[in-house]
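A.B. asks: Enclosed is the structure file protein_34.txt (compact mmCIF, C-alpha atoms).
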# COMPACT_ATOMS: atom_id res chain seq x y z
CA MET T 1 63.55 106.91 -49.77
CA CYS T 2 66.81 105.03 -49.32
CA SER T 3 69.47 106.81 -47.28
CA PRO T 4 71.62 109.23 -49.30
CA ILE T 5 74.94 107.81 -50.47
CA PRO T 6 78.22 109.49 -51.46
CA TYR T 7 78.35 111.17 -54.86
CA ASP T 8 78.93 108.66 -57.69
CA ALA T 9 80.22 110.11 -60.96
CA ARG T 10 79.19 106.95 -62.87
CA LEU T 11 75.56 107.38 -61.93
CA LEU T 12 75.62 111.01 -63.00
CA GLU T 13 77.19 110.16 -66.35
CA THR T 14 74.54 107.53 -67.03
CA ALA T 15 71.84 110.00 -65.99
CA ARG T 16 73.30 112.70 -68.26
CA ARG T 17 73.12 110.43 -71.31
CA LEU T 18 69.62 109.31 -70.34
CA VAL T 19 68.32 112.86 -69.96
CA VAL T 20 69.51 114.03 -73.39
CA GLY T 21 69.09 110.73 -75.22
CA SER T 22 66.62 110.09 -78.03
CA PHE T 23 63.00 110.13 -76.89
CA VAL T 24 60.78 107.24 -78.00
CA GLY T 25 57.72 107.62 -75.80
CA GLY T 26 57.35 104.92 -73.17
CA SER T 27 60.08 102.79 -74.71
CA LEU T 28 63.13 101.87 -72.68
CA PRO T 29 66.09 102.53 -72.49
CA ALA T 30 65.46 105.44 -74.83
CA GLY T 31 66.12 108.82 -73.27
CA TYR T 32 64.05 111.83 -72.31
CA GLY T 33 65.15 114.07 -75.18
CA MET T 34 65.57 117.11 -72.96
CA LYS T 35 67.02 120.37 -74.23
CA PRO T 36 68.42 123.34 -72.28
CA GLY T 37 65.71 125.45 -70.70
CA GLU T 38 63.08 122.70 -70.57
CA ARG T 39 61.07 121.85 -67.44
CA ALA T 40 60.57 118.34 -66.14
CA LEU T 41 58.26 116.90 -63.51
CA LEU T 42 59.84 113.83 -61.93
CA VAL T 43 57.38 111.67 -59.96
CA VAL T 44 58.79 108.73 -58.00
CA ASN T 45 58.06 107.09 -54.67
CA SER T 46 59.87 106.18 -51.48
CA PHE T 47 60.97 102.78 -52.86
CA TYR T 48 63.23 104.35 -55.50
CA ASP T 49 66.96 104.39 -54.81
CA GLN T 50 67.71 107.96 -53.74
CA ALA T 51 71.09 107.85 -55.48
CA VAL T 52 69.47 107.20 -58.87
CA VAL T 53 66.85 109.90 -58.31
CA ASP T 54 69.53 112.39 -57.26
CA ALA T 55 71.62 111.59 -60.35
CA ILE T 56 68.70 112.24 -62.72
CA VAL T 57 67.83 115.49 -60.93
CA GLN T 58 71.45 116.67 -61.10
CA ALA T 59 71.72 115.74 -64.79
CA ILE T 60 68.64 117.80 -65.66
CA ARG T 61 69.92 120.80 -63.71
CA LYS T 62 73.37 120.57 -65.33
CA LEU T 63 71.76 120.62 -68.80
CA PRO T 64 70.71 123.29 -67.69
CA GLY T 65 67.04 122.56 -67.18
CA LYS T 66 64.56 122.74 -64.34
CA VAL T 67 63.02 119.82 -62.51
CA ASP T 68 60.35 119.56 -59.84
CA LEU T 69 60.40 116.37 -57.79
CA ILE T 70 57.40 114.63 -56.22
CA SER T 71 57.89 111.53 -54.07
CA VAL T 72 54.93 109.42 -52.98
CA ASP T 73 55.30 107.70 -49.59
CA MET T 74 54.86 103.93 -50.02
CA GLY T 75 54.92 103.09 -46.33
CA PRO T 76 56.68 99.97 -45.03
CA ASP T 77 58.29 97.42 -47.30
CA ARG T 78 57.25 93.75 -47.23
CA PRO T 79 57.93 90.46 -49.03
CA LEU T 80 55.81 89.80 -52.09
CA ASN T 81 53.22 87.03 -51.78
CA TYR T 82 51.78 84.61 -54.34
CA THR T 83 48.76 86.72 -55.25
CA ASP T 84 50.21 90.24 -55.47
CA GLU T 85 49.84 89.96 -59.25
CA LEU T 86 46.07 90.17 -58.76
CA LEU T 87 46.43 93.30 -56.63
CA GLY T 88 48.48 94.91 -59.37
CA PHE T 89 46.61 93.93 -62.51
CA MET T 90 43.05 92.72 -61.80
CA HIS T 91 39.98 94.91 -61.21
CA ASN T 92 36.42 94.35 -60.02
CA CYS T 93 37.42 90.96 -58.64
CA PRO T 94 36.55 89.40 -55.26
CA GLY T 95 39.24 90.05 -52.68
CA VAL T 96 41.06 92.63 -54.81
CA PRO T 97 40.68 96.15 -53.36
CA GLU T 98 40.90 98.88 -55.96
CA VAL T 99 43.23 100.86 -53.71
CA ASN T 100 46.25 98.80 -52.66
CA GLU T 101 50.01 99.19 -52.29
CA VAL T 102 50.94 97.07 -55.32
CA ARG T 103 48.76 99.11 -57.66
CA GLN T 104 50.11 102.30 -56.09
CA TRP T 105 53.61 101.11 -56.99
CA ILE T 106 53.13 100.05 -60.59
CA GLU T 107 50.28 102.18 -61.93
CA ARG T 108 50.29 105.77 -63.13
CA VAL T 109 49.51 108.47 -60.58
CA ARG T 110 46.70 110.25 -62.41
CA TRP T 111 46.88 113.42 -60.34
CA ALA T 112 50.56 113.71 -61.30
CA GLU T 113 49.49 113.85 -64.94
CA GLU T 114 47.08 116.67 -64.05
CA VAL T 115 49.89 118.52 -62.26
CA ALA T 116 52.13 118.12 -65.32
CA GLU T 117 49.42 119.47 -67.60
CA ARG T 118 48.51 122.44 -65.40
CA GLY T 119 52.16 123.25 -64.74
CA GLU T 120 53.03 123.39 -68.45
CA TYR T 121 55.94 120.99 -68.14
CA ASP T 122 57.80 119.80 -71.21
CA ILE T 123 58.10 116.25 -69.90
CA LEU T 124 56.65 114.08 -67.16
CA ILE T 125 59.04 111.34 -66.01
CA HIS T 126 56.96 108.77 -64.19
CA THR T 127 55.90 105.09 -63.89
CA LEU T 128 57.85 101.86 -64.32
CA GLY T 129 57.16 101.92 -68.06
CA GLY T 130 54.70 100.34 -70.44
CA SER T 131 52.24 102.02 -72.76
CA LEU T 132 52.10 105.67 -71.72
CA PRO T 133 49.27 107.94 -72.85
CA ALA T 134 49.64 110.71 -75.40
CA LYS T 135 49.59 114.10 -73.68
CA LYS T 136 50.52 117.64 -74.58
CA PHE T 137 53.80 116.98 -72.74
CA ARG T 138 56.29 114.17 -73.40
CA TYR T 139 55.80 111.19 -71.10
CA GLY T 140 58.81 109.05 -70.19
CA GLY T 141 59.01 106.02 -67.92
CA ILE T 142 61.48 105.50 -65.08
CA PRO T 143 62.04 101.78 -64.44
CA TRP T 144 65.46 102.61 -63.00
CA THR T 145 64.49 101.82 -59.42
CA SER T 146 67.97 100.97 -58.13
CA ARG T 147 71.68 101.17 -58.85
CA GLU T 148 71.57 97.52 -59.92
CA VAL T 149 69.32 98.15 -62.92
CA PHE T 150 70.39 101.72 -63.74
CA PRO T 151 73.39 100.69 -65.93
CA ALA T 152 70.88 99.31 -68.45
CA ALA T 153 69.84 102.92 -69.11
CA ASP T 154 73.32 103.46 -70.56
CA PHE T 155 73.00 100.86 -73.33
CA PRO T 156 73.82 102.71 -76.59
CA TYR T 157 70.56 103.86 -78.16
CA GLU T 158 71.88 103.51 -81.71
CA VAL T 159 72.62 99.83 -81.08
CA TRP T 160 69.32 99.23 -79.29
CA ASP T 161 67.41 100.86 -82.14
CA ALA T 162 69.04 98.48 -84.60
CA ILE T 163 68.33 95.45 -82.39
CA ASN T 164 64.64 96.31 -82.22
CA HIS T 165 64.35 96.84 -85.97
CA ARG T 166 66.24 93.63 -86.87
CA ALA T 167 64.10 91.54 -84.54
CA TRP T 168 60.88 93.21 -85.67
CA ASP T 169 61.69 92.69 -89.34
CA GLN T 170 61.78 88.94 -88.66
CA ILE T 171 58.28 89.08 -87.15
CA TRP T 172 56.43 91.74 -89.12
CA ASN T 173 57.87 91.22 -92.59
CA LYS T 174 59.24 87.68 -92.74
CA GLY T 175 56.69 86.11 -90.42
CA ARG T 176 53.62 87.28 -92.29
CA GLY T 177 51.40 84.31 -93.11
CA GLY T 178 53.70 81.98 -91.22
CA LYS T 179 53.43 79.89 -88.09
CA VAL T 180 55.18 80.25 -84.74
CA ARG T 181 56.19 77.57 -82.30
CA LEU T 182 57.07 78.85 -78.82
CA THR T 183 58.78 76.52 -76.36
CA ASP T 184 60.60 76.81 -73.04
CA PRO T 185 62.32 74.20 -70.83
CA GLU T 186 59.89 74.90 -67.97
CA GLY T 187 57.16 73.32 -70.10
CA THR T 188 55.77 75.87 -72.56
CA ASP T 189 54.92 74.43 -75.96
CA ILE T 190 52.41 76.37 -78.02
CA THR T 191 51.80 77.27 -81.66
CA PHE T 192 49.89 79.99 -83.53
CA THR T 193 49.81 81.60 -86.96
CA PHE T 194 50.15 85.12 -88.36
CA PRO T 195 46.96 85.37 -90.45
CA GLU T 196 46.83 87.96 -93.21
CA GLU T 197 43.94 89.84 -91.56
CA SER T 198 46.09 90.58 -88.50
CA TYR T 199 48.19 92.92 -90.68
CA ASP T 200 45.16 95.01 -91.63
CA LEU T 201 45.29 98.05 -89.34
CA ASN T 202 41.69 98.92 -90.20
CA ARG T 203 40.59 96.07 -87.92
CA TYR T 204 41.45 98.14 -84.84
CA ALA T 205 38.80 100.71 -85.75
CA GLN T 206 36.01 98.17 -85.29
CA THR T 207 36.42 98.18 -81.51
CA LYS T 208 38.63 101.27 -81.14
CA SER T 209 41.40 98.96 -79.97
CA LEU T 210 44.99 100.02 -79.47
CA PRO T 211 47.03 99.40 -82.67
CA LEU T 212 49.86 97.60 -80.89
CA PHE T 213 50.71 95.07 -83.61
CA GLN T 214 51.72 97.31 -86.50
CA GLU T 215 54.61 98.13 -88.82
CA LYS T 216 56.26 100.42 -86.28
CA PRO T 217 57.70 98.24 -83.49
CA PHE T 218 56.92 98.85 -79.83
CA PHE T 219 60.55 99.25 -78.79
CA GLY T 220 61.77 97.09 -75.90
CA HIS T 221 58.47 95.20 -75.81
CA LEU T 222 58.12 93.63 -79.24
CA PHE T 223 54.70 92.08 -79.78
CA GLY T 224 55.43 88.60 -81.04
CA ARG T 225 51.75 87.82 -81.59
CA PRO T 226 48.89 89.85 -83.12
CA THR T 227 46.93 91.85 -80.55
CA PRO T 228 43.10 92.26 -80.25
CA PRO T 229 40.51 92.49 -81.65
CA TYR T 230 40.35 88.81 -82.56
CA GLU T 231 38.21 86.84 -84.99
CA ARG T 232 37.22 83.30 -84.05
CA SER T 233 38.26 81.97 -87.47
CA SER T 234 41.86 83.13 -87.09
CA GLU T 235 42.41 82.31 -83.42
CA ASP T 236 44.30 79.04 -83.59
CA ALA T 237 46.77 79.39 -80.70
CA SER T 238 46.89 76.03 -78.96
CA GLY T 239 49.20 74.41 -76.45
CA VAL T 240 50.58 74.98 -72.97
CA VAL T 241 52.20 77.98 -71.27
CA ALA T 242 54.19 77.09 -68.14
CA GLY T 243 56.43 78.95 -65.71
CA THR T 244 57.15 80.10 -62.16
CA ILE T 245 57.58 83.88 -62.45
CA ASN T 246 55.17 86.72 -63.22
CA HIS T 247 55.40 90.50 -63.02
CA ILE T 248 54.98 91.25 -59.32
CA SER T 249 54.26 88.19 -57.18
CA SER T 250 56.51 85.91 -55.24
CA PRO T 251 57.81 83.11 -57.49
CA PHE T 252 55.12 80.42 -57.41
CA PRO T 253 54.97 76.64 -57.94
CA ARG T 254 55.04 75.91 -61.67
CA ILE T 255 51.75 76.78 -63.34
CA LYS T 256 50.37 75.26 -66.57
CA LEU T 257 47.91 77.24 -68.67
CA HIS T 258 46.12 75.23 -71.34
CA ILE T 259 45.31 77.41 -74.36
CA GLU T 260 42.77 76.40 -76.99
CA GLY T 261 41.67 78.67 -79.83
CA GLY T 262 43.56 81.59 -78.26
CA LYS T 263 41.89 81.33 -74.84
CA ALA T 264 42.92 79.84 -71.49
CA VAL T 265 40.50 76.97 -70.89
CA ARG T 266 42.18 75.14 -68.01
CA ILE T 267 44.79 75.95 -65.37
CA GLU T 268 46.81 73.33 -63.54
CA GLU T 269 49.08 73.62 -60.51
CA GLY T 270 50.53 77.04 -59.66
CA GLY T 271 49.93 76.92 -55.90
CA LYS T 272 47.97 79.86 -54.50
CA TYR T 273 48.57 81.84 -57.70
CA GLY T 274 46.96 79.02 -59.67
CA ASP T 275 44.07 78.81 -57.19
CA ALA T 276 43.34 82.52 -57.54
CA TRP T 277 43.57 82.36 -61.32
CA ARG T 278 41.22 79.36 -61.50
CA GLU T 279 38.63 81.25 -59.45
CA LEU T 280 38.79 84.23 -61.81
CA LEU T 281 38.67 81.93 -64.85
CA ASP T 282 35.35 80.62 -63.59
CA ILE T 283 33.99 84.08 -62.73
CA GLY T 284 34.73 85.51 -66.18
CA LYS T 285 33.89 82.52 -68.36
CA LYS T 286 30.37 83.69 -69.34
CA ILE T 287 31.20 87.34 -70.04
CA ARG T 288 31.66 88.50 -73.64
CA TYR T 289 34.28 91.25 -73.89
CA PRO T 290 34.10 93.61 -76.92
CA GLU T 291 37.47 92.66 -78.44
CA TYR T 292 37.05 88.89 -78.25
CA PRO T 293 35.03 86.49 -80.44
CA SER T 294 33.28 84.58 -77.65
CA GLU T 295 32.80 84.51 -73.89
CA GLY T 296 35.68 84.43 -71.45
CA LEU T 297 38.02 86.85 -69.72
CA PHE T 298 41.36 85.11 -70.19
CA TRP T 299 42.24 85.38 -73.86
CA TRP T 300 45.93 85.29 -74.75
CA TRP T 301 46.62 88.78 -76.06
CA GLU T 302 50.25 89.54 -75.11
CA LEU T 303 53.47 87.91 -76.19
CA ALA T 304 56.17 90.51 -75.55
CA ILE T 305 59.88 90.12 -76.22
CA GLY T 306 62.49 92.09 -74.25
CA THR T 307 65.40 93.64 -76.19
CA ASN T 308 67.90 95.21 -73.73
CA PRO T 309 70.80 92.82 -72.94
CA LYS T 310 71.84 94.85 -69.89
CA MET T 311 68.55 94.71 -67.99
CA ARG T 312 68.41 92.42 -64.96
CA ARG T 313 66.44 91.29 -61.96
CA PRO T 314 67.46 93.29 -58.84
CA SER T 315 68.57 91.47 -55.71
CA ASN T 316 65.51 92.76 -53.81
CA ALA T 317 63.11 91.75 -56.60
CA PHE T 318 60.83 89.73 -54.36
CA MET T 319 60.30 92.49 -51.87
CA LEU T 320 57.59 95.01 -52.72
CA SER T 321 60.32 97.66 -53.08
CA GLY T 322 61.99 95.56 -55.79
CA ALA T 323 58.85 95.65 -57.99
CA GLY T 324 59.00 91.92 -58.55
CA ALA T 325 60.26 90.78 -61.95
CA LEU T 326 59.06 93.86 -63.85
CA SER T 327 62.60 94.86 -64.78
CA GLU T 328 63.67 91.40 -65.97
CA ARG T 329 60.91 91.32 -68.59
CA LEU T 330 62.85 93.99 -70.51
CA ARG T 331 66.01 91.87 -70.78
CA SER T 332 66.71 90.71 -74.32
CA GLY T 333 65.26 87.29 -75.10
CA ILE T 334 62.95 87.04 -72.11
CA ILE T 335 59.31 86.70 -73.15
CA HIS T 336 56.32 87.51 -71.01
CA ILE T 337 52.86 86.18 -71.71
CA GLY T 338 49.80 88.28 -70.79
CA ILE T 339 46.35 86.71 -70.63
CA GLY T 340 43.17 88.75 -70.09
CA THR T 341 42.23 92.23 -71.31
CA VAL T 342 44.54 94.78 -72.94
CA LEU T 343 45.79 97.45 -70.55
CA TYR T 344 43.80 100.70 -71.05
CA GLY T 345 41.95 99.11 -74.00
CA PRO T 346 38.24 99.28 -74.88
CA SER T 347 37.44 95.97 -73.18
CA GLU T 348 38.67 97.46 -69.91
CA ASN T 349 36.69 100.65 -70.39
CA TRP T 350 33.57 98.58 -71.13
CA ALA T 351 34.15 96.26 -68.17
CA GLU T 352 34.69 99.18 -65.79
CA GLU T 353 31.38 100.69 -66.87
CA LYS T 354 29.58 97.35 -66.47
CA LYS T 355 31.41 96.50 -63.22
CA HIS T 356 32.70 93.27 -64.74
CA PRO T 357 36.12 91.85 -63.82
CA TYR T 358 38.99 92.88 -66.07
CA GLY T 359 42.76 92.93 -66.24
CA HIS T 360 45.43 90.47 -67.25
CA MET T 361 48.02 88.29 -65.54
CA HIS T 362 51.41 87.07 -66.62
CA VAL T 363 53.84 84.20 -66.92
CA HIS T 364 57.50 84.83 -67.77
CA LEU T 365 59.44 82.55 -70.10
CA LEU T 366 63.09 82.84 -69.09
CA PHE T 367 64.70 80.57 -71.71
CA PRO T 368 62.21 80.60 -74.60
CA THR T 369 62.75 79.53 -78.17
CA TYR T 370 60.52 81.48 -80.54
CA GLU T 371 60.72 80.04 -84.05
CA ILE T 372 58.83 81.22 -87.14
CA ILE T 373 58.08 78.72 -89.89
CA CYS T 374 57.67 81.02 -92.88
CA ARG T 375 55.27 80.48 -95.77
CA ASP T 376 58.17 79.29 -97.93
CA GLY T 377 59.24 76.76 -95.30
CA LYS T 378 62.22 78.75 -94.07
CA ARG T 379 62.72 78.72 -90.29
CA ILE T 380 63.75 81.81 -88.30
CA LYS T 381 64.65 81.68 -84.63
CA VAL T 382 63.89 85.12 -83.26
CA VAL T 383 64.80 83.92 -79.78
CA ASP T 384 66.93 80.83 -79.19
CA ASN T 385 66.95 79.42 -75.65
CA GLY T 386 66.55 82.89 -74.15
CA HIS T 387 68.99 84.60 -76.53
CA LEU T 388 67.65 87.28 -78.88
CA THR T 389 69.25 86.42 -82.21
CA ALA T 390 69.19 90.03 -83.43
CA LEU T 391 72.15 90.57 -81.09
CA ASP T 392 74.20 88.48 -83.55
CA ASP T 393 73.18 90.44 -86.65
CA PRO T 394 76.37 91.68 -88.44
CA GLU T 395 75.06 95.25 -88.67
CA VAL T 396 74.23 95.27 -84.95
CA VAL T 397 77.69 93.92 -84.12
CA ALA T 398 79.32 96.59 -86.32
CA LEU T 399 77.36 99.35 -84.59
CA ALA T 400 78.27 97.96 -81.15
CA ALA T 401 81.97 98.07 -82.11
CA LYS T 402 81.74 101.87 -82.16
CA TYR T 403 81.27 101.77 -78.38
CA GLY T 404 83.87 99.16 -77.42
CA ASP T 405 84.29 95.41 -77.62
CA PRO T 406 81.06 94.29 -79.31
CA LYS T 407 81.07 91.00 -77.41
CA GLU T 408 80.95 92.92 -74.14
CA ILE T 409 78.50 95.53 -75.38
CA LEU T 410 76.05 92.85 -76.57
CA ARG T 411 76.61 90.32 -73.79
CA GLU T 412 73.56 89.56 -71.64
CA GLU T 413 74.47 91.10 -68.29
CA TRP T 414 72.32 88.69 -66.30
CA ILE T 415 71.20 85.09 -66.81
CA PRO T 416 68.13 83.95 -64.84
CA PRO T 417 69.15 81.30 -62.29
CA VAL T 418 67.04 78.16 -62.72
CA PRO T 419 68.46 74.87 -61.43
CA GLY T 420 68.69 72.18 -64.05
CA ILE T 421 68.45 74.81 -66.80
CA SER T 422 71.05 77.53 -66.23
CA VAL T 423 72.70 76.53 -62.94
CA PRO T 424 73.44 73.13 -61.34
CA GLY T 425 70.55 71.26 -59.76
CA ASP T 426 67.36 69.41 -60.58
CA TYR T 427 64.50 71.52 -61.91
CA TRP T 428 61.72 69.28 -60.61
CA GLN T 429 63.19 68.36 -57.25
CA ASP T 430 64.93 71.64 -56.34
CA TYR T 431 62.85 74.34 -57.95
CA ALA T 432 59.51 73.71 -59.69
CA ARG T 433 57.51 72.82 -56.58
CA GLU T 434 58.63 75.84 -54.53
CA PRO T 435 60.95 78.21 -56.44
CA ARG T 436 60.87 80.89 -53.74
CA ASP T 437 62.55 78.52 -51.28
CA TRP T 438 65.39 77.82 -53.70
CA LEU T 439 65.85 81.50 -54.58
CA ASP T 440 65.88 82.51 -50.90
CA LYS T 441 68.68 80.01 -50.30
CA HIS T 442 70.68 81.19 -53.32
CA LYS T 443 70.40 84.96 -53.10
CA GLU T 444 73.91 85.35 -54.47
CA VAL T 445 72.67 84.31 -57.94
CA ILE T 446 69.34 86.18 -58.10
Go through the file and emit its structure as structure tokens.
C.D. replies:
Amino acid sequence: MCSPIPYDARLLETARRLVVGSFVGGSLPAGYGMKPGERALLVVNSFYDQAVVDAIVQAIRKLPGKVDLISVDMGPDRPLNYTDELLGFMHNCPGVPEVNEVRQWIERVRWAEEVAERGEYDILIHTLGGSLPAKKFRYGGIPWTSREVFPAADFPYEVWDAINHRAWDQIWNKGRGGKVRLTDPEGTDITFTFPEESYDLNRYAQTKSLPLFQEKPFFGHLFGRPTPPYERSSEDASGVVAGTINHISSPFPRIKLHIEGGKAVRIEEGGKYGDAWRELLDIGKKIRYPEYPSEGLFWWWELAIGTNPKMRRPSNAFMLSGAGALSERLRSGIIHIGIGTVLYGPSENWAEEKKHPYGHMHVHLLFPTYEIICRDGKRIKVVDNGHLTALDDPEVVALAAKYGDPKEILREEWIPPVPGISVPGDYWQDYAREPRDWLDKHKEVI
């Protein structure tokens, strides 16, 4: 782990609020809901900032509660490369070993879950977040890998709860039967509809799929598009997804994914990341996965909207220890696109049994505009040029005023630096062809 640092009262205060805050499963920045006398198992690794880990441990003990700490040794750090995304998210694919350091970093440690169950803990605090399984103990994520991102854990839960519900109401209630246009200045321009059948939760039972798109929002990771299973008749997503950032690779030359009928049919550019994706597109094109209406691995299943205005990209993001851009995807208004199979879903279980390739890969949209054209013709911008409009809702602003200046409370703490879009420069000449070079030369703005 990082070298110990002097005691920091601010870290401990943030940790104290996190430990006792409202528990909402794997959602972030909700708390762990701990009460005096409870036992926690905290599982981290050697890339976590020791100061953050120490603060959480101290906060649990001051509750008072008990906490056992397990730290997994990650070995030496290294810069991320263009194809680390495959190591983290793809399985049964040529050149992708099932045991690798990226997967060790971002995936659940299954034996830790067994320890938590045998040890009769009240809560397991583990993993960088995402959809966490239901267990007999509570299961909370810990994306707070460094002091840079830890302040986001202190965002007032009451305000965050309201933000999620206001944004979700626009999608689930007002968007029903409407059409979405999603654009981004890096080149994304794609449309799709919200068909009536996607609101029927009985459809999930057909394939035992995860009911991710439902009335109850997935806090911090709002699904802005219906999730599998899909019917051919309703899959009308068409257009282009483009970008230079994913979850856990080095930034790559701009990639263009051509989507037709909800499926990636052609991939342009993208450097080595694009080359690897094109190879997998070809490998999986004749396989029929249970949740999809025809052959092909790379169906567009995930459009997730971040909702925490205080989340940011850490300065070491593009080292393995920085976990890539995983933290930035949680910042309000940033959208990440996932194309492939649903994590832990029935298509993955089926593909594992058949030894077929499975998994999904990502593209981040840093300044998206997500607009719903409702059935009555009304237009709703859920996200406007990277800004989540629910932050401007009068009720959200009023709630934020309870905690200080609402403008400061709701201000996005970090703006992604992209020349020609958010900072001076020319997008095409300075950035799109080799974004890592530009970012390495401008580390002060990462």
A.B. asks: Between atom CA of Val115 of chain T and atom CA of Val67 of chain T, what is the distance in Å, rounded to a tenth?
C.D. replies: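 Distance reported for this atom pair: 13.2 Å.
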A.B. asks: Quick one: everything within 9 Å of Gly177 of chain T, counting only C-alpha atoms, minus sequence neighbours fewer than 5 positions away in the same chain. Send it as a PyMOL selection string.
C.D. replies: chain T and resi 193-196+374-375
A.B. asks: When you draw a straight line from atom CA of Ser238 of chain T to atom CA of Leu210 of chain T, how long is it in Å?
C.D. replies: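 We find that atom CA of Ser238 of chain T and atom CA of Leu210 of chain T lie 24.1 Å from each other.
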A.B. asks: Rounded to one decimal, what separation in Å do you get between atom CA of Gly377 of chain T and atom CA of Val240 of chain T?
C.D. replies: 24.0 Å
A.B. asks: Pick the closest to Glu269 of chain T from T:Glu434, T:Glu295, T:Asp49, T:Asp84: which is it, counting all atoms listed in the file?
C.D. replies: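 The closest residue to Glu269 of chain T is T:Glu434.
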A.B. asks: Tell me which protein, DNA and RNA residues are within 6 Å of segment 32-40 of chain T, counting all atoms listed in the file, leaving out same-chain ones fewer than 2 positions away, and put them as a ChimeraX atom specification.
C.D. replies: /T:19-23,63-67,121-124
A.B. asks: Kindly complete segment 189-200 of chain T to N, CA and C atoms; the output should be written as a PDB file, keeping the file's coordinate frame.
C.D. replies:
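Here's the written file rebuild-v7.pdb:
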ATOM      1  N   ASP T 189      54.883  74.942 -74.587  1.00  0.00           N
ATOM      2  CA  ASP T 189      54.920  74.430 -75.960  1.00  0.00           C
ATOM      3  C   ASP T 189      53.594  74.808 -76.609  1.00  0.00           C
ATOM      4  N   ILE T 190      53.641  75.828 -77.460  1.00  0.00           N
ATOM      5  CA  ILE T 190      52.410  76.370 -78.020  1.00  0.00           C
ATOM      6  C   ILE T 190      52.674  76.883 -79.423  1.00  0.00           C
ATOM      7  N   THR T 191      51.665  76.804 -80.287  1.00  0.00           N
ATOM      8  CA  THR T 191      51.800  77.270 -81.660  1.00  0.00           C
ATOM      9  C   THR T 191      50.661  78.226 -82.013  1.00  0.00           C
ATOM     10  N   PHE T 192      50.922  79.089 -82.990  1.00  0.00           N
ATOM     11  CA  PHE T 192      49.890  79.990 -83.530  1.00  0.00           C
ATOM     12  C   PHE T 192      50.375  80.488 -84.882  1.00  0.00           C
ATOM     13  N   THR T 193      49.463  81.083 -85.631  1.00  0.00           N
ATOM     14  CA  THR T 193      49.810  81.600 -86.960  1.00  0.00           C
ATOM     15  C   THR T 193      49.701  83.118 -86.989  1.00  0.00           C
ATOM     16  N   PHE T 194      50.288  83.697 -88.057  1.00  0.00           N
ATOM     17  CA  PHE T 194      50.150  85.120 -88.360  1.00  0.00           C
ATOM     18  C   PHE T 194      49.202  85.248 -89.553  1.00  0.00           C
ATOM     19  N   PRO T 195      47.890  85.270 -89.320  1.00  0.00           N
ATOM     20  CA  PRO T 195      46.960  85.370 -90.450  1.00  0.00           C
ATOM     21  C   PRO T 195      47.058  86.717 -91.140  1.00  0.00           C
ATOM     22  N   GLU T 196      46.739  86.727 -92.417  1.00  0.00           N
ATOM     23  CA  GLU T 196      46.830  87.960 -93.210  1.00  0.00           C
ATOM     24  C   GLU T 196      46.003  89.089 -92.608  1.00  0.00           C
ATOM     25  N   GLU T 197      44.810  88.773 -92.075  1.00  0.00           N
ATOM     26  CA  GLU T 197      43.940  89.840 -91.560  1.00  0.00           C
ATOM     27  C   GLU T 197      44.537  90.556 -90.348  1.00  0.00           C
ATOM     28  N   SER T 198      45.493  89.924 -89.661  1.00  0.00           N
ATOM     29  CA  SER T 198      46.090  90.580 -88.500  1.00  0.00           C
ATOM     30  C   SER T 198      46.990  91.739 -88.893  1.00  0.00           C
ATOM     31  N   TYR T 199      47.347  91.825 -90.187  1.00  0.00           N
ATOM     32  CA  TYR T 199      48.190  92.920 -90.680  1.00  0.00           C
ATOM     33  C   TYR T 199      47.361  94.084 -91.205  1.00  0.00           C
ATOM     34  N   ASP T 200      46.057  93.952 -91.177  1.00  0.00           N
ATOM     35  CA  ASP T 200      45.160  95.010 -91.630  1.00  0.00           C
ATOM     36  C   ASP T 200      44.866  95.941 -90.455  1.00  0.00           C
TER      37      ASP T 200
END
